[in-house]
Amino acid sequence: MLFRKRAMAGAVAALALCGGLAVSATAAEPQAVTYEASGADIANPERGFYKHLETHYRADGSGFTPLSADDLAEYREQGITQVMRVFYLEKFAATETLDAKFLELVEADLNTARQQGISLITRFAYVQGGAGPYEPPFGDAPLNVVLAHIAQLKPLFHEHADVIAAVQQGFVGLWGEGYYTDHFASDPSRPWQLTEADWDKRSAVLKALLDAVPDERMVQVRYMNAKQKALGTGSGAENALAAEEAGSGSDAARTGHHNDCFLASEDDFGTFLSDPITLDQEYLAAETKHVPMGGETCALNAPRSEWESASAEMERYHFSYLNRDYQTEVLDSWGAEGLAETQRRLGYRFVLTESTVTAKDDGTSQVWVGVRNDGWAAPYNPRQARLVLVDGDARHTVEFEADADVRTWAAGETVELTASVEGLPAGSYRAYLSVPASDETTADDPRYAIRTANEGTWNATTGLNDLRQTITVE
């Protein structure tokens with residue numbers, strides 16, 4: 001077994017503990033603790049099922065429904081940590097200026113989300129499609145208006161990045177999905193035929209958003225070719241984001257994907273556009289190892305939309321989130337067990353496997369921790385794992401020597417963390433794994449910290465995962 005080699009000869013190979021009992025390591029007697037995995041739903045940030053809440057701002061200023069603190073608190077009780085927030089800008093489709101009242105309402109929503117421990121996936125659009133058929137004019141905004149609005153939203157993106165999980169490109173077309181549009185298709189009656197000039201305008205929107213959104217957050221595109229055109233690349237796995245570029249802050253590293261017709265047809269109603277289709281499929285499977293992927297289902301399409309196929313594709317494309325409210329016929333076809341597994345495995349699911357503490361004669365200690373990712377994806381926003389040592393009111397943070405960036409904790413793999421403990425004042429220190437939010441405003445909020453899927457290790461008050469190890473410094 002991989003972890004047994006960590007124990008030195010004469011040491012206890014594995015010691016299962018319960019009831020919060022801790023192990024204290026002494027020189028020449030390294031101690032190991034094994035952890036019991038939990039099958040429970042874990043309400044971790046920036047993953048899982050989400051709730052879809054849209055709002056409007058019509059010509060007379062009506063239609064805006066603020067986020068309800070009570071509703072968000074109820075979602076938290078249900079284990080839901082994310083809301084898809086779509087802002088429809090009907091009033092501003094023909095003017096470059098967003099009024100102060102609208103910006104204040106958006107900011108109030110962001111503040112409400114923070115108060116309730118919720119993250120938002122945001123999208124802005126100008127018009128919502130009805131039942132169809134869809135014919136021009138559609139009512140979205142021209143490029144100059146879109147760019148002006150993005151510039152005015154930039155301060156909000158920066159000031160409230162802590163509660164923004166990701167920003168979807170939006171702005172173009174009905175629902176902000178980039179298809180039925182008056183201004184980003186040369187012939188609006190044939191929205192599937194796009195010229196290079198059309199693509200240049202769409203790429204300008206994406207690049208403006210990448211500039212407006214802070215470097216530590218990503219922009220998601222509805223169609224893969226939107227990213228490919230903006231970056232001048234093609235499809236296929238060879239054109240996907242390389243592992244060495246992931247997390248670099250480049251445009252490629254900060255552009256993710258969403259599919260709002262997941263499983264609906266062979267090509268998901270035009271989401272996969274390559275010829276052959278396998279090129280886009282391979283591209284998306286490789287890309288989403290490093291950038292966010294989510295969306296919603298939109299039509300029954302058996303057998304592909306049934307659980308066996310759906311779960312295989314969510315795993316292949318590393319889904320981090322999915323709309324729980326739409327399309328319910330598809331979701332309900334998965335059955336209670338399929339829905340429960342989806343809720344558990346969307347995004348990351350970190351499980352502590354084993355830890356060892358080796359106390360050395362020179363007074364230092366070596367800590368080793370194994371963490372397995374049972375989810376379908378890795379986290380996509382920056383986070384650093386740390387070792388936290390607590391003795392009464394004294395608290396010390398120790399950096400792991402490698403692999404502390406949880407974005408590298410890939411689905412289906414186990415990471416091995418090591419840390420050296422030295423130079424601490426005398427005391428008896430309880431050891432914890434800490435994976436807090438990276439933003440100062442939420443770093444101390446346990447609702448934004450990552451909880452491992454283990455029995456009896458989580459402290460909801462501190463947001464720390466108890467390793468059940470004690471390090472004694474004489």
# chains A, B, ... in the order shown; residues from 1 in each chain; ligands from 1

$ closest_atom_pairs --of "segment 424-464 of chain A" --to "segment 390-399 of chain A" --cutoff "12 Å" --atoms "only C-alpha atoms" --output "CSV"
residue,atom,partner,partner_atom,distance
A:Leu424,CA,A:His396,CA,8.2
A:Pro425,CA,A:Ala394,CA,9.5
A:Ala426,CA,A:Asp391,CA,9.7
A:Gly427,CA,A:Asp391,CA,6.6
A:Ser428,CA,A:Asp391,CA,5.9
A:Tyr429,CA,A:Asp391,CA,4.7
A:Arg430,CA,A:Val390,CA,5.2
A:Ala431,CA,A:Val390,CA,6.7
A:Tyr432,CA,A:Val390,CA,8.1
A:Leu433,CA,A:Thr397,CA,9.9
A:Ser434,CA,A:Thr397,CA,9.0
A:Val435,CA,A:Thr397,CA,11.5
A:Thr462,CA,A:Val390,CA,11.3
A:Leu464,CA,A:Val390,CA,10.7

$ write_last_selection --atoms "all heavy atoms" --output "mmCIF file, in the first residue's frame"
data_model
loop_
_atom_site.group_PDB
_atom_site.id
_atom_site.type_symbol
_atom_site.label_atom_id
_atom_site.label_comp_id
_atom_site.auth_asym_id
_atom_site.auth_seq_id
_atom_site.Cartn_x
_atom_site.Cartn_y
_atom_site.Cartn_z
ATOM 1 N N LEU A 424 9.336 26.416 16.743
ATOM 2 C CA LEU A 424 8.157 26.829 17.483
ATOM 3 C C LEU A 424 8.455 26.931 18.977
ATOM 4 O O LEU A 424 9.305 26.196 19.507
ATOM 5 C CB LEU A 424 7.011 25.835 17.276
ATOM 6 C CG LEU A 424 6.455 25.682 15.865
ATOM 7 C CD1 LEU A 424 5.274 24.726 15.876
ATOM 8 C CD2 LEU A 424 6.041 27.017 15.287
ATOM 9 N N PRO A 425 7.743 27.790 19.688
ATOM 10 C CA PRO A 425 7.870 27.815 21.154
ATOM 11 C C PRO A 425 7.429 26.480 21.738
ATOM 12 O O PRO A 425 6.655 25.735 21.116
ATOM 13 C CB PRO A 425 6.920 28.952 21.567
ATOM 14 C CG PRO A 425 6.725 29.769 20.342
ATOM 15 C CD PRO A 425 6.836 28.832 19.182
ATOM 16 N N ALA A 426 7.917 26.175 22.917
ATOM 17 C CA ALA A 426 7.537 24.927 23.574
ATOM 18 C C ALA A 426 6.026 24.871 23.732
ATOM 19 O O ALA A 426 5.359 25.864 24.006
ATOM 20 C CB ALA A 426 8.230 24.826 24.929
ATOM 21 N N GLY A 427 5.471 23.684 23.515
ATOM 22 C CA GLY A 427 4.036 23.512 23.657
ATOM 23 C C GLY A 427 3.589 22.206 23.041
ATOM 24 O O GLY A 427 4.381 21.436 22.491
ATOM 25 N N SER A 428 2.294 21.962 23.147
ATOM 26 C CA SER A 428 1.681 20.771 22.572
ATOM 27 C C SER A 428 0.686 21.240 21.519
ATOM 28 O O SER A 428 -0.358 21.802 21.848
ATOM 29 C CB SER A 428 0.983 19.955 23.656
ATOM 30 O OG SER A 428 0.424 18.771 23.123
ATOM 31 N N TYR A 429 1.012 21.012 20.248
ATOM 32 C CA TYR A 429 0.276 21.610 19.143
ATOM 33 C C TYR A 429 -0.605 20.574 18.440
ATOM 34 O O TYR A 429 -0.126 19.530 18.002
ATOM 35 C CB TYR A 429 1.237 22.201 18.116
ATOM 36 C CG TYR A 429 2.041 23.365 18.652
ATOM 37 C CD1 TYR A 429 3.283 23.160 19.257
ATOM 38 C CD2 TYR A 429 1.558 24.665 18.560
ATOM 39 C CE1 TYR A 429 4.026 24.221 19.751
ATOM 40 C CE2 TYR A 429 2.291 25.737 19.049
ATOM 41 C CZ TYR A 429 3.510 25.505 19.646
ATOM 42 O OH TYR A 429 4.249 26.565 20.135
ATOM 43 N N ARG A 430 -1.876 20.902 18.335
ATOM 44 C CA ARG A 430 -2.795 20.101 17.535
ATOM 45 C C ARG A 430 -2.592 20.483 16.070
ATOM 46 O O ARG A 430 -2.463 21.666 15.731
ATOM 47 C CB ARG A 430 -4.225 20.399 17.963
ATOM 48 C CG ARG A 430 -5.294 19.526 17.314
ATOM 49 C CD ARG A 430 -5.445 18.186 17.990
ATOM 50 N NE ARG A 430 -6.673 17.513 17.576
ATOM 51 C CZ ARG A 430 -7.296 16.617 18.304
ATOM 52 N NH1 ARG A 430 -6.824 16.292 19.500
ATOM 53 N NH2 ARG A 430 -8.390 16.019 17.869
ATOM 54 N N ALA A 431 -2.586 19.494 15.166
ATOM 55 C CA ALA A 431 -2.303 19.726 13.753
ATOM 56 C C ALA A 431 -3.585 19.693 12.929
ATOM 57 O O ALA A 431 -4.435 18.807 13.110
ATOM 58 C CB ALA A 431 -1.320 18.694 13.229
ATOM 59 N N TYR A 432 -3.701 20.652 12.004
ATOM 60 C CA TYR A 432 -4.881 20.767 11.150
ATOM 61 C C TYR A 432 -4.451 21.022 9.704
ATOM 62 O O TYR A 432 -3.433 21.661 9.455
ATOM 63 C CB TYR A 432 -5.777 21.936 11.587
ATOM 64 C CG TYR A 432 -6.318 21.826 12.984
ATOM 65 C CD1 TYR A 432 -5.575 22.299 14.072
ATOM 66 C CD2 TYR A 432 -7.570 21.261 13.233
ATOM 67 C CE1 TYR A 432 -6.069 22.210 15.366
ATOM 68 C CE2 TYR A 432 -8.072 21.176 14.521
ATOM 69 C CZ TYR A 432 -7.318 21.650 15.582
ATOM 70 O OH TYR A 432 -7.812 21.553 16.870
ATOM 71 N N LEU A 433 -5.275 20.550 8.778
ATOM 72 C CA LEU A 433 -5.139 20.919 7.368
ATOM 73 C C LEU A 433 -6.085 22.082 7.113
ATOM 74 O O LEU A 433 -7.291 22.001 7.372
ATOM 75 C CB LEU A 433 -5.495 19.752 6.455
ATOM 76 C CG LEU A 433 -5.468 20.068 4.947
ATOM 77 C CD1 LEU A 433 -4.049 20.326 4.472
ATOM 78 C CD2 LEU A 433 -6.120 18.938 4.145
ATOM 79 N N SER A 434 -5.544 23.181 6.587
ATOM 80 C CA SER A 434 -6.327 24.379 6.306
ATOM 81 C C SER A 434 -6.310 24.661 4.818
ATOM 82 O O SER A 434 -5.243 24.694 4.198
ATOM 83 C CB SER A 434 -5.746 25.574 7.078
ATOM 84 O OG SER A 434 -6.396 26.777 6.710
ATOM 85 N N VAL A 435 -7.501 24.866 4.235
ATOM 86 C CA VAL A 435 -7.612 25.265 2.824
ATOM 87 C C VAL A 435 -8.597 26.436 2.752
ATOM 88 O O VAL A 435 -9.740 26.300 2.307
ATOM 89 C CB VAL A 435 -8.074 24.106 1.920
ATOM 90 C CG1 VAL A 435 -7.837 24.466 0.447
ATOM 91 C CG2 VAL A 435 -7.360 22.817 2.256
ATOM 92 N N THR A 462 -13.960 26.967 13.024
ATOM 93 C CA THR A 462 -12.663 27.477 12.587
ATOM 94 C C THR A 462 -12.399 27.275 11.107
ATOM 95 O O THR A 462 -11.515 27.920 10.536
ATOM 96 C CB THR A 462 -11.534 26.796 13.371
ATOM 97 O OG1 THR A 462 -11.557 25.378 13.076
ATOM 98 C CG2 THR A 462 -11.705 27.007 14.868
ATOM 99 N N LEU A 464 -11.231 24.441 9.890
ATOM 100 C CA LEU A 464 -10.024 23.622 9.836
ATOM 101 C C LEU A 464 -10.389 22.140 9.837
ATOM 102 O O LEU A 464 -11.395 21.726 10.423
ATOM 103 C CB LEU A 464 -9.126 23.913 11.035
ATOM 104 C CG LEU A 464 -8.599 25.342 11.167
ATOM 105 C CD1 LEU A 464 -7.818 25.495 12.468
ATOM 106 C CD2 LEU A 464 -7.728 25.711 9.975
#

$ select_by_dssp --residues "segment 86-246 of chain A" --states "helix (DSSP H, G or I)" --output "MDAnalysis selection string"
chainID A and resid 90:92 100:115 143:159 161:163 174:176 196:212 224:231 237:239

$ closest_residue --among "A:Pro137, A:Thr81, A:Asn144, A:Asp267" --to "Thr97 of chain A" --atoms "only C-alpha atoms"
A:Asn144

$ residues_around --residues "Pro292 of chain A" --least-positions-apart "6" --cutoff "12 Å" --atoms "only C-alpha atoms" --output "ChimeraX atom specification"
/A:46-47,121,165-168,217-222,246-247,253-259,284-286,317-322,346-348,376-381,407

$ atom_distance --atom1 "atom CA of Ser38 of chain A" --atom2 "atom CA of Thr356 of chain A"
20.5 Å

$ atom_distance --atom1 "atom CA of Arg349 of chain A" --atom2 "atom CA of Asp374 of chain A"
5.1 Å

$ atom_distance --atom1 "atom CA of Val388 of chain A" --atom2 "atom CA of Asn465 of chain A"
9.4 Å

$ select_by_dssp --residues "segment 221-417 of chain A" --states "strand (DSSP E)" --output "VMD selection string"
chain A and resid 221 255 to 262 293 to 297 321 to 323 350 to 359 365 to 373 386 to 391 394 to 399 414 to 417

$ residues_around --residues "segment 277-283 of chain A" --least-positions-apart "2" --cutoff "12 Å" --atoms "only C-alpha atoms" --output "VMD selection string"
chain A and resid 223 to 225 227 to 228 233 to 242 256 to 257 266 to 268 270 to 275 285 to 289 313 316 to 317

$ write_last_selection --atoms "N, CA and C atoms" --output "compact mmCIF listing (two decimals), in the first residue's frame"
# COMPACT_ATOMS: atom_id res chain seq x y z
N TYR A 223 -19.32 28.63 -26.18
CA TYR A 223 -18.90 27.72 -27.25
C TYR A 223 -17.38 27.68 -27.30
N MET A 224 -16.85 26.49 -27.52
CA MET A 224 -15.40 26.32 -27.53
C MET A 224 -14.73 27.15 -28.61
N ASN A 225 -15.41 27.31 -29.76
CA ASN A 225 -14.75 28.06 -30.83
C ASN A 225 -14.61 29.54 -30.50
N LYS A 227 -13.31 30.67 -27.72
CA LYS A 227 -11.95 30.73 -27.18
C LYS A 227 -10.93 30.48 -28.28
N GLN A 228 -11.20 29.50 -29.11
CA GLN A 228 -10.26 29.16 -30.17
C GLN A 228 -10.06 30.33 -31.14
N THR A 233 -6.31 29.65 -32.23
CA THR A 233 -5.94 28.24 -32.19
C THR A 233 -7.02 27.42 -32.87
N GLY A 234 -6.84 26.12 -32.88
CA GLY A 234 -7.83 25.21 -33.42
C GLY A 234 -8.35 24.29 -32.36
N SER A 235 -9.09 23.27 -32.78
CA SER A 235 -9.64 22.29 -31.85
C SER A 235 -8.69 21.11 -31.72
N GLY A 236 -9.14 20.09 -30.99
CA GLY A 236 -8.29 18.93 -30.75
C GLY A 236 -7.50 19.08 -29.46
N ALA A 237 -7.12 17.96 -28.87
CA ALA A 237 -6.41 17.97 -27.59
C ALA A 237 -5.10 18.73 -27.68
N GLU A 238 -4.47 18.72 -28.85
CA GLU A 238 -3.17 19.38 -28.99
C GLU A 238 -3.27 20.89 -28.89
N ASN A 239 -4.47 21.45 -29.05
CA ASN A 239 -4.68 22.90 -28.92
C ASN A 239 -5.26 23.31 -27.58
N ALA A 240 -5.47 22.35 -26.71
CA ALA A 240 -6.01 22.65 -25.38
C ALA A 240 -4.93 23.27 -24.50
N LEU A 241 -5.37 23.90 -23.42
CA LEU A 241 -4.45 24.50 -22.47
C LEU A 241 -3.48 23.47 -21.92
N ALA A 242 -2.19 23.76 -22.02
CA ALA A 242 -1.18 22.84 -21.52
C ALA A 242 -1.06 22.96 -20.01
N GLY A 256 -12.50 29.64 -19.42
CA GLY A 256 -13.10 28.32 -19.24
C GLY A 256 -14.33 28.15 -20.11
N HIS A 257 -15.19 27.21 -19.76
CA HIS A 257 -16.29 26.80 -20.63
C HIS A 257 -17.56 26.55 -19.84
N GLU A 266 -26.65 15.04 -30.29
CA GLU A 266 -25.30 14.53 -30.56
C GLU A 266 -24.25 15.61 -30.37
N ASP A 267 -24.58 16.85 -30.81
CA ASP A 267 -23.61 17.94 -30.68
C ASP A 267 -24.03 18.98 -29.64
N ASP A 268 -24.99 18.60 -28.77
CA ASP A 268 -25.50 19.52 -27.74
C ASP A 268 -25.96 20.84 -28.35
N GLY A 270 -25.34 22.36 -31.12
CA GLY A 270 -24.32 23.24 -31.69
C GLY A 270 -23.20 23.63 -30.76
N THR A 271 -23.11 22.98 -29.60
CA THR A 271 -22.00 23.28 -28.69
C THR A 271 -20.70 22.70 -29.24
N PHE A 272 -20.75 21.46 -29.72
CA PHE A 272 -19.59 20.82 -30.34
C PHE A 272 -19.70 21.03 -31.85
N LEU A 273 -18.80 21.81 -32.42
CA LEU A 273 -18.93 22.25 -33.81
C LEU A 273 -17.84 21.72 -34.73
N SER A 274 -16.88 21.01 -34.21
CA SER A 274 -15.75 20.59 -35.05
C SER A 274 -16.15 19.45 -35.98
N ASP A 275 -15.37 19.28 -37.01
CA ASP A 275 -15.57 18.19 -37.96
C ASP A 275 -14.25 17.45 -38.12
N ALA A 285 -12.23 17.83 -23.08
CA ALA A 285 -11.77 16.92 -22.03
C ALA A 285 -10.39 17.33 -21.51
N ALA A 286 -9.52 17.79 -22.39
CA ALA A 286 -8.19 18.21 -21.97
C ALA A 286 -8.21 19.58 -21.31
N GLU A 287 -8.97 20.53 -21.88
CA GLU A 287 -9.05 21.90 -21.34
C GLU A 287 -9.52 21.92 -19.89
N THR A 288 -10.57 21.15 -19.62
CA THR A 288 -11.25 21.28 -18.34
C THR A 288 -10.52 20.59 -17.18
N LYS A 289 -9.37 20.04 -17.46
CA LYS A 289 -8.51 19.62 -16.35
C LYS A 289 -8.01 20.84 -15.58
N GLU A 313 -19.84 11.47 -18.96
CA GLU A 313 -19.45 12.74 -19.60
C GLU A 313 -19.11 13.81 -18.58
N ARG A 316 -15.67 12.94 -17.73
CA ARG A 316 -14.73 13.21 -18.82
C ARG A 316 -14.45 14.70 -18.97
N TYR A 317 -15.51 15.53 -18.82
CA TYR A 317 -15.36 16.97 -19.04
C TYR A 317 -15.18 17.74 -17.73

$ residues_around --residues "Thr328 of chain A" --least-positions-apart "5" --cutoff "9 Å" --atoms "only C-alpha atoms" --output "list in words"
Thr297, Cys298 and Ser333 of chain A

$ write_last_selection --atoms "N, CA, C and O atoms" --output "compact mmCIF listing (two decimals), in the first residue's frame"
# COMPACT_ATOMS: atom_id res chain seq x y z
N THR A 297 -28.59 21.06 -18.29
CA THR A 297 -29.22 20.22 -19.30
C THR A 297 -30.39 21.00 -19.90
O THR A 297 -30.88 21.95 -19.30
N CYS A 298 -30.85 20.59 -21.09
CA CYS A 298 -31.97 21.36 -21.68
C CYS A 298 -32.96 20.52 -22.45
O CYS A 298 -33.97 21.06 -22.92
N SER A 333 -34.44 11.80 -14.43
CA SER A 333 -34.23 10.49 -15.06
C SER A 333 -33.00 9.78 -14.50
O SER A 333 -32.84 8.57 -14.68

$ closest_atom_pairs --of "segment 117-194 of chain A" --to "segment 55-74 of chain A" --cutoff "12 Å" --atoms "only C-alpha atoms" --output "tab-separated table"
residue	atom	partner	partner_atom	distance
A:Gly117	CA	A:Ala73	CA	8.2
A:Ile118	CA	A:Leu72	CA	7.1
A:Ser119	CA	A:Leu72	CA	10.1
A:Leu120	CA	A:Leu67	CA	10.9
A:Thr122	CA	A:Thr55	CA	11.5
A:Arg123	CA	A:Thr55	CA	10.7
A:Phe124	CA	A:Thr55	CA	10.0
A:Ala125	CA	A:His56	CA	9.5
A:Tyr126	CA	A:His56	CA	8.9
A:Val127	CA	A:His56	CA	9.1
A:Gln128	CA	A:His56	CA	9.4
A:Trp175	CA	A:His56	CA	11.7

$ closest_residue --among "A:Ala40, A:Ala94, A:Ala449, A:Val473" --to "Lys360 of chain A" --atoms "only C-alpha atoms"
A:Val473

$ closest_residue --among "A:Asp215, A:Glu354, A:Asp187, A:Glu135" --to "Ala161 of chain A" --atoms "only C-alpha atoms"
A:Asp215
